[in-house]
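Peer 1: Here's a structure for you.
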Amino acid sequence: EEVPLDFHRLQNELQSVYDSGLRSLAIVLMHSYLHAQHEEAVAEIARNIGFEHVSLSSQVMQMSRIVPRGYTACADAYLTPCIKRYIQSFATGFKDNLKDVNVLFMQSDGGLTPMETFVGSRAIVSGPAGGVVGYALTAYDHETQQPVIGFDMGGTSTDVSRFGGVYEHVFETVIGGIMIQAPQMDIQTVASGGGSRCFFRSGRFVVGPDSVGSAPGPVCYRKNGHLAITDANLVTGRIIAEDFPNIFGPNFDEPLDVDASHKAFEELTKEINDYLQHTRGDSFQSLTKYEVALGFIRVANEAMCRPIRSLTQAKGHNISSHILACFGGAGGQHACSIARSLGMARIHVSKYSGILSGVTHQELAYGLAAADVVHEEQQPCAEIYSETSDASLWKSFQQLTKKAVHVLQQQGFTSKNIVVEIFLNMRYHKTDFAMMICPSQLSRVKPEEVLQGSSKIFLFRDAFEDRYRREFSYTISDRDIIVDDIRVRATGLTCHPNIIHATGREGPLQPRKFHPVVFDDAKPASTPIFNFEDMHLGDQVSGPAIICANTSTILVEPDCTANLLSSGDLEIVIGEGKPREITTDLDVIHLSVFQHRFMTIAEQMGRALQHTAISTNIKERLDFSCAIFSPDGNLVANAPHIPVHLGAMSEAVRYQIAHVNNLQPGDVLVSNHPAAGGSHLPDITVITPVFRHGVPEPLFWVASRGHHADIGGITPGSMPPNSHRLMEEGAAIKSFKLVCNGEFQEEGITALLLEPAKYPGSSGSRNLMECIADLRAQVAANARGITLMNELLDEHGTDVVVAYMNHIQENAELSVRHLLKQMAKENNTNVLECVDYLDDGTPICLKVTIDQGKGSAHFDFSGTGCQVFGNLNTPRAVVFSGIIYCLRCMVGHDIPLNQGCLSPVTTEIPYGSVLWPDDDAAVVGGNVLTSQRICDVVLKAFRACADSSGCMNNLTFGNEKLGYYETIGGGSGAGPDWHGRSGVHTHMTNTRITDPEVLERRYPVVVEAFHLRSNSGGSGEFRGGDGLVRQLRFLAPLKVSILSERRSFAPQGILGGHNGERGRNLLIRKGERYINLGAKASVDVSVGDRLRIETPGGGGYGLPNCD
């Protein structure tokens, strides 16, 4: 029964909020993007109480998905009052407070808006957006239509973007951990800029993500700062110190301190050489300070290449076909190296490059001056795209166009200076990935073409399918297309700033001086310095050289040539250059570079899998992992996907190496059996051997593991809470050639997925076509990884790449050995022990014996309970996942996550125990529940932190027509200097949960409650995080299954910290009859029944304070 909004109670609660001192309010209600009246009613009450600012989610962004819409409304309520205060202060400095003056502000979407309508949620990346507008106008040639990559390198970070003739917008992005739902330029940011700190950690060069900021800043700023990339550029001569004003030091009146940067690098170089001598003995070659500084620059460059590869390759674009548009204060020092690494032939440097995206001194940024004024109108739709919807969609376009044009006309634009773009936000039915589509024929057209022309809705299908096919390599022909939103973007065209064309000169260009600069040979070389303003049309500068502009310094590397264009901008042509000689011997600089390259490949495999899969589990919940493996099957690089997959995937690859012979190029294997390195049956691993010409055995392996929605078994979703044998959990595959000699074996895999139907009470895969489609996507993701790995092999040679696969594992091993020595010292013992219990009383016992001299450890699980007649049995491979994850966490800083983490570790796991059951044991709960207890036991033994919620709280429901699966977070355990986080996934999983509006729209349920479970975290000096309360009401008869833990034994505190609250699962029958389901149950529910899940809190750390 629906309950009406209680306005009297709401007014009292809002009054309490107001009385506490808050004056700005965000309002977000479920489905308000369609039905805004309740939000508007609440806003009226708030304004009557006296709130000075109220942000309504239905007005801030009228789109589906309450979580990002709510975040955006909160960000708007926080930022807009600040912006309004600034604008008011700004206006008071002018006559009549700028009355009747049209003042425009840049928005995140690259358009200008009057200051009266400028709001916080549309301003967050307005500066970088101005840069995109600037380089789009200066670097893009409409005749050649060669696409451009924007490279905006500043002090703390680098922004990259792409322009191919049309501004590329996104409507949902994460900024500073906050999910923002608003139209923005598609700009990716990496924490690598001039102010990024330089570290040497465990044998690796590390740049960022920490930044020195402007205070204290780099060492050269004279404020007791830290070594940063700016210092590296200064030491290598890429920055001319005397060109900077005397604004440094505590009184802001001193020059850059060159000597301090040199001294700091000399000290770091000594530290690095001491480390190398200690680890390699007399065979090591000492580094110079110039080699060290160059090393950090190379690592920073590779870090900045990663988002560029993501922005292009991951979307089907060829990087080498782009121009690199370089701007930002630090971009010019790195552009040649970046372009060469990415295979790009040309760089464009605007004469305004230092100010394209911001204001520098008295100069207005060119990007801001060149932007147009925009106004958008948008409304939700939720219609099926079809012939019957044609008229209504076009009518909506006409209504929105009329509104948007009217707003611009009120600002003084005439119809001839207005163009419009019309969009449909489209997605396939049963997917959550929507695309904002505007056919090229309807991009920037005159308003009359929409207002008076005939309907052109038919153009949208082809545009949608073409873009979907380009990004995801396929279309879903048998699915309806849903239109979520209708959007119109009206643009008032402004006059672009005049471009002063360059003129010729008589006589050659002369350098103003020579300056020592360090290039790849790590030796200072006298290099000519030119002034940008001295260059004339036809002037050519051959590298090595430096060109100094008023707001930036541009490094022209050897074998590169800079030419001045008629526009007055600079073009740098990249030559082939002298390839850096990289041998198989370990080089600590190249170690970090190769780590970035391997991780980039694994990440791009993940993006390819997400894009080409069609299931909710993979595409939207992101329940998958991708990785690269060495020739012997050891993990080399695993993108930061699902922790429970980490160690287990290498076990799966090694099983195939040991048991499958006569593999040929074009073969692909598939496996999910726990005895073959699987985690649980829904997690299917696709493994591809990689061959090179002339080599008979695989050089390396790539693999992807994804959670499939249904692979058969006794319950929908293949996550039965009451299974006793493996065959009840679905199809079990030890090894099968999914692709044989390039041919996908659909008939064979279909038979395997339907095989469980032959067992009593079981079914084959209930969603066979989706399962096969996702397997094809995994094959495609592996193929993407192979292509990128082959490019790396072509670039550096097989021997070098394989050698660095081993070097990276050895480096991770060193980090873990150091950790183990440190842990033995801190705990004042070489023996660490812990015992914990599953809810059925089964003990998980661990004894860790550390050899402090070697930095090795023996993990002994003897005493652990025997295999159970249930599904809490855990595949042995998952135990390794838990160990590698915990060790990686305890290291405390970023290290390569690979097989090297386990090299210092030996294990003893009793066969026949719950941690190594026989081949026929049920394991579905072991992967998602016992795995969490393994992490608690390991971390508690090392006294690293208290227990977390210890459970993924697995919920499935469905019938013969539908199935749904989710995992619900809880509280994390507190640690030595931190409080536990509330309402999060911990340890072995980090999947998303479906947005409540999407869930209610797609399934017959109502989300009645989803909030933190107050005070469920254990108290202590540091408090454990709170769990969650999730309550669903069912609108149809369904089979509901819950698979959970920590309902009997509470998450434990540590060192005096109190326990977290146990979880509870309640079925509330119609008529308010409560039934405790226990930790694991499968029940039939009727219309009106409710399920309430209260998840555990985390344990506390340390004795609680008396107060």
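Quick note on naming: the chains in the structure tokens go A, B, ... in the order shown, residues restart at 1 in each chain, and ligands are numbered from 1 in order of appearance.
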Using only C-alpha atoms, which protein or nucleic acid residues come within 10 Å of A:Pro756? Drop anything in the same chain fewer than 2 positions from it, and give the result as number ranges by chain.

Peer 2: A: 711-714, 727-732, 751-754, 758-765

Peer 1: Residues within 10 Å of A:Gly453, please, as a ChimeraX atom specification. Count only C-alpha atoms; anything in the same chain fewer than 5 positions from it doesn't count.

Peer 2: /A:394,398,447-448

Peer 1: Store the residues of this selection in a file with all heavy atoms, as an mmCIF file, in the first residue's frame.

Peer 2:
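The resulting file, result17.cif, is shown below:
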```
data_model
loop_
_atom_site.group_PDB
_atom_site.id
_atom_site.type_symbol
_atom_site.label_atom_id
_atom_site.label_comp_id
_atom_site.auth_asym_id
_atom_site.auth_seq_id
_atom_site.Cartn_x
_atom_site.Cartn_y
_atom_site.Cartn_z
ATOM 1 N N TRP A 394 8.841 13.687 -32.619
ATOM 2 C CA TRP A 394 9.128 14.902 -33.395
ATOM 3 C C TRP A 394 8.403 16.116 -32.808
ATOM 4 O O TRP A 394 8.947 17.226 -32.758
ATOM 5 C CB TRP A 394 8.738 14.693 -34.855
ATOM 6 C CG TRP A 394 9.283 15.789 -35.751
ATOM 7 C CD1 TRP A 394 8.593 16.806 -36.321
ATOM 8 C CD2 TRP A 394 10.644 15.940 -36.151
ATOM 9 N NE1 TRP A 394 9.424 17.598 -37.057
ATOM 10 C CE2 TRP A 394 10.700 17.096 -36.968
ATOM 11 C CE3 TRP A 394 11.815 15.234 -35.906
ATOM 12 C CZ2 TRP A 394 11.892 17.547 -37.551
ATOM 13 C CZ3 TRP A 394 12.994 15.685 -36.466
ATOM 14 C CH2 TRP A 394 13.032 16.825 -37.275
ATOM 15 N N GLN A 398 9.975 19.675 -31.454
ATOM 16 C CA GLN A 398 9.514 21.009 -31.842
ATOM 17 C C GLN A 398 9.228 21.871 -30.616
ATOM 18 O O GLN A 398 9.590 23.054 -30.571
ATOM 19 C CB GLN A 398 8.265 20.875 -32.721
ATOM 20 C CG GLN A 398 8.561 20.267 -34.093
ATOM 21 C CD GLN A 398 7.304 20.048 -34.908
ATOM 22 O OE1 GLN A 398 6.234 19.701 -34.369
ATOM 23 N NE2 GLN A 398 7.402 20.229 -36.221
ATOM 24 N N PRO A 447 16.805 26.363 -36.751
ATOM 25 C CA PRO A 447 15.608 25.954 -35.999
ATOM 26 C C PRO A 447 14.418 25.644 -36.893
ATOM 27 O O PRO A 447 13.609 24.770 -36.593
ATOM 28 C CB PRO A 447 15.336 27.161 -35.095
ATOM 29 C CG PRO A 447 16.651 27.864 -34.977
ATOM 30 C CD PRO A 447 17.357 27.638 -36.273
ATOM 31 N N GLU A 448 14.323 26.367 -38.019
ATOM 32 C CA GLU A 448 13.164 26.173 -38.907
ATOM 33 C C GLU A 448 13.097 24.751 -39.447
ATOM 34 O O GLU A 448 12.020 24.229 -39.740
ATOM 35 C CB GLU A 448 13.223 27.169 -40.077
ATOM 36 C CG GLU A 448 13.048 28.625 -39.674
ATOM 37 C CD GLU A 448 14.296 29.225 -39.035
ATOM 38 O OE1 GLU A 448 15.397 28.629 -39.192
ATOM 39 O OE2 GLU A 448 14.180 30.260 -38.352
#
```

Peer 1: Going by DSSP on the backbone, which residues of stretch 452-542 of chain A come out as helix (DSSP H, G or I)? List them as a ChimeraX atom specification.

Peer 2: /A:458-472,532-534

Peer 1: Write out as a VMD selection string all residues of stretch 113-301 of chain A that backbone DSSP assigns to strand (DSSP E or B).

Peer 2: chain A and resid 113 to 114 148 to 153 158 to 163 167 169 to 170 173 to 175 178 to 180 184 to 185 188 to 190 196 to 201 204 to 211 218 226 228 248 254

Peer 1: Find the residues around A:Ala824 up to 10 Å (only C-alpha atoms counted), leave out those fewer than 2 positions away in its own chain, and share them as a ChimeraX atom specification.

Peer 2: /A:819-822,826-832,849-852,855,942

Peer 1: Store the residues picked out above, limited to C-alpha atoms, as a tab-separated table (two decimals), in the first residue's frame.

Peer 2:
```tsv
chain	number	residue	atom	x	y	z
A	819	LEU	CA	56.30	-6.06	4.20
A	820	LEU	CA	56.79	-9.46	5.87
A	821	LYS	CA	60.03	-8.35	7.53
A	822	GLN	CA	58.32	-5.19	8.75
A	826	GLU	CA	56.18	-4.52	14.40
A	827	ASN	CA	54.39	-7.49	15.99
A	828	ASN	CA	57.56	-8.55	17.80
A	829	THR	CA	57.00	-12.16	16.74
A	830	ASN	CA	57.59	-14.41	13.76
A	831	VAL	CA	54.39	-16.40	14.35
A	832	LEU	CA	50.94	-14.87	13.74
A	849	THR	CA	55.31	-18.25	10.23
A	850	ILE	CA	57.62	-15.50	8.98
A	851	ASP	CA	61.31	-15.90	8.17
A	852	GLN	CA	62.37	-12.36	9.04
A	855	GLY	CA	61.19	-11.91	4.17
A	942	PHE	CA	48.61	-9.51	10.93
```

Peer 1: Which one is closest to A:Thr553: A:Gln333, A:Gln146, A:Ser723, A:Asn790? Count only C-alpha atoms.

Peer 2: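 Using only C-alpha atoms, the shortest distance to A:Thr553 belongs to A:Gln333.
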
Peer 1: I'd like the neighbourhood of A:Val868 as a list in words, where a residue qualifies if any of its atoms comes within 9 Å (using only C-alpha atoms), though same-chain residues fewer than 5 positions away should be ignored.

Peer 2: His724, Thr842, Asn873, Ser913, Val914, Pro917, Ala921 and Ala922 of chain A

Peer 1: Write out, as a JSON list (two decimals), in the first residue's frame, the residues just selected, with all heavy atoms.

Peer 2:
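Okay, selection-v8.json is ready:
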```
[["chain", "number", "residue", "atom", "x", "y", "z"],
["A", 724, "HIS", "N", 24.14, -28.76, -2.52],
["A", 724, "HIS", "CA", 25.00, -29.70, -1.80],
["A", 724, "HIS", "C", 26.04, -30.34, -2.70],
["A", 724, "HIS", "O", 27.02, -30.88, -2.21],
["A", 724, "HIS", "CB", 24.15, -30.80, -1.16],
["A", 724, "HIS", "CG", 23.12, -30.28, -0.20],
["A", 724, "HIS", "ND1", 23.45, -29.65, 0.97],
["A", 724, "HIS", "CD2", 21.76, -30.28, -0.27],
["A", 724, "HIS", "CE1", 22.34, -29.29, 1.60],
["A", 724, "HIS", "NE2", 21.30, -29.66, 0.87],
["A", 842, "THR", "N", 32.00, -23.91, 11.31],
["A", 842, "THR", "CA", 33.23, -24.40, 10.70],
["A", 842, "THR", "C", 34.38, -23.43, 10.97],
["A", 842, "THR", "O", 34.28, -22.24, 10.65],
["A", 842, "THR", "CB", 33.05, -24.56, 9.18],
["A", 842, "THR", "OG1", 31.99, -25.48, 8.93],
["A", 842, "THR", "CG2", 34.33, -25.05, 8.52],
["A", 873, "ASN", "N", 32.05, -24.46, 0.76],
["A", 873, "ASN", "CA", 33.36, -24.96, 0.36],
["A", 873, "ASN", "C", 34.00, -23.97, -0.62],
["A", 873, "ASN", "O", 33.32, -23.43, -1.50],
["A", 873, "ASN", "CB", 33.23, -26.32, -0.31],
["A", 873, "ASN", "CG", 32.54, -27.32, 0.60],
["A", 873, "ASN", "OD1", 33.04, -27.67, 1.66],
["A", 873, "ASN", "ND2", 31.34, -27.77, 0.19],
["A", 913, "SER", "N", 39.37, -30.22, 3.16],
["A", 913, "SER", "CA", 38.86, -29.20, 4.08],
["A", 913, "SER", "C", 37.92, -28.27, 3.32],
["A", 913, "SER", "O", 37.76, -28.36, 2.10],
["A", 913, "SER", "CB", 40.01, -28.39, 4.68],
["A", 913, "SER", "OG", 40.58, -27.53, 3.70],
["A", 914, "VAL", "N", 37.30, -27.35, 4.05],
["A", 914, "VAL", "CA", 36.39, -26.39, 3.43],
["A", 914, "VAL", "C", 37.14, -25.45, 2.49],
["A", 914, "VAL", "O", 36.53, -24.79, 1.64],
["A", 914, "VAL", "CB", 35.64, -25.59, 4.53],
["A", 914, "VAL", "CG1", 36.57, -24.61, 5.23],
["A", 914, "VAL", "CG2", 34.41, -24.88, 3.99],
["A", 917, "PRO", "N", 38.07, -28.51, -1.19],
["A", 917, "PRO", "CA", 37.13, -29.64, -1.21],
["A", 917, "PRO", "C", 37.40, -30.54, -2.42],
["A", 917, "PRO", "O", 38.21, -30.22, -3.29],
["A", 917, "PRO", "CB", 35.77, -28.95, -1.34],
["A", 917, "PRO", "CG", 36.09, -27.70, -2.12],
["A", 917, "PRO", "CD", 37.45, -27.27, -1.68],
["A", 921, "ALA", "N", 32.20, -31.06, -4.80],
["A", 921, "ALA", "CA", 31.60, -30.27, -3.71],
["A", 921, "ALA", "C", 30.95, -28.99, -4.24],
["A", 921, "ALA", "O", 31.45, -28.35, -5.17],
["A", 921, "ALA", "CB", 32.68, -29.92, -2.68],
["A", 922, "ALA", "N", 29.85, -28.60, -3.62],
["A", 922, "ALA", "CA", 29.20, -27.32, -3.94],
["A", 922, "ALA", "C", 30.07, -26.18, -3.43],
["A", 922, "ALA", "O", 30.59, -26.24, -2.31],
["A", 922, "ALA", "CB", 27.82, -27.26, -3.31]]
```

Peer 1: Which is closest to A:Asp109 among A:Arg204, A:Arg817, A:Arg489, A:Lys416, if we use only C-alpha atoms?

Peer 2: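 Smallest distance to A:Asp109 is found for A:Arg489.
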
Peer 1: With only C-alpha atoms as the counted atoms, please give the residues lying no more than 12 Å from A:Asp274, apart from itself and same-chain residues fewer than 3 positions off, as a VMD selection string.

Peer 2: chain A and resid 200 203 267 to 271 277 to 282 284 to 287

Peer 1: Within 8 Å of stretch 420-422 of chain A, counting only C-alpha atoms, which residues show up once you throw out same-chain ones fewer than 2 positions away? Write them as JSON, numbers by chain, please.

Peer 2: {"A": [397, 401, 418, 424, 438, 442, 443, 444, 445, 446, 447, 486, 487, 488, 489, 490, 491]}

Peer 1: If we count only C-alpha atoms, what is near A:Tyr1074 at a cut-off of 12 Å, once residues fewer than 2 positions away on the same chain are taken out, given as a list in words?

Peer 2: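 The filter keeps Arg1064, Asn1065, Leu1066, Leu1067, Ile1068, Arg1069, Lys1070, Gly1071, Glu1072, Asn1076, Leu1077, Asp1089, Arg1090, Leu1091 and Arg1092 of chain A.
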
Peer 1: Using only C-alpha atoms, find the one residue out of A:Gly892, A:Gly1017, A:Gly150, A:Pro516 that sits nearest to A:Pro307.

Peer 2: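 Smallest separation from A:Pro307 among the options: A:Gly150.
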
Peer 1: Out of A:Cys866, A:Leu814, A:Ile733, A:Ala613, which residue has the shortest atom-to-atom distance to A:Lys854 when counting only C-alpha atoms?

Peer 2: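 Answer, going by the shortest atom-to-atom distance: A:Leu814.
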
Peer 1: Pick the closest to A:Ala602 from A:Ile1093, A:Ala525, A:Ile618, A:Val636: which is it, counting only C-alpha atoms?

Peer 2: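 Closest candidate: A:Val636.
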
Peer 1: Between atom CA of A:Pro114 and atom CA of A:Thr158, what is the distance in Å, rounded to a tenth?

Peer 2: 28.5 Å

Peer 1: With distances taken over only C-alpha atoms, which of A:Ala293, A:Ile614, A:Leu939, A:Val60 is nearest to A:Phe519?

Peer 2: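 Smallest distance to A:Phe519 is found for A:Ala293.
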
Peer 1: Please measure the separation of atom CA of A:His226 and atom CA of A:Arg197, giving the value in Å to one decimal.

Peer 2: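 Atom CA of A:Arg197 lies at a distance of 6.7 Å from atom CA of A:His226.
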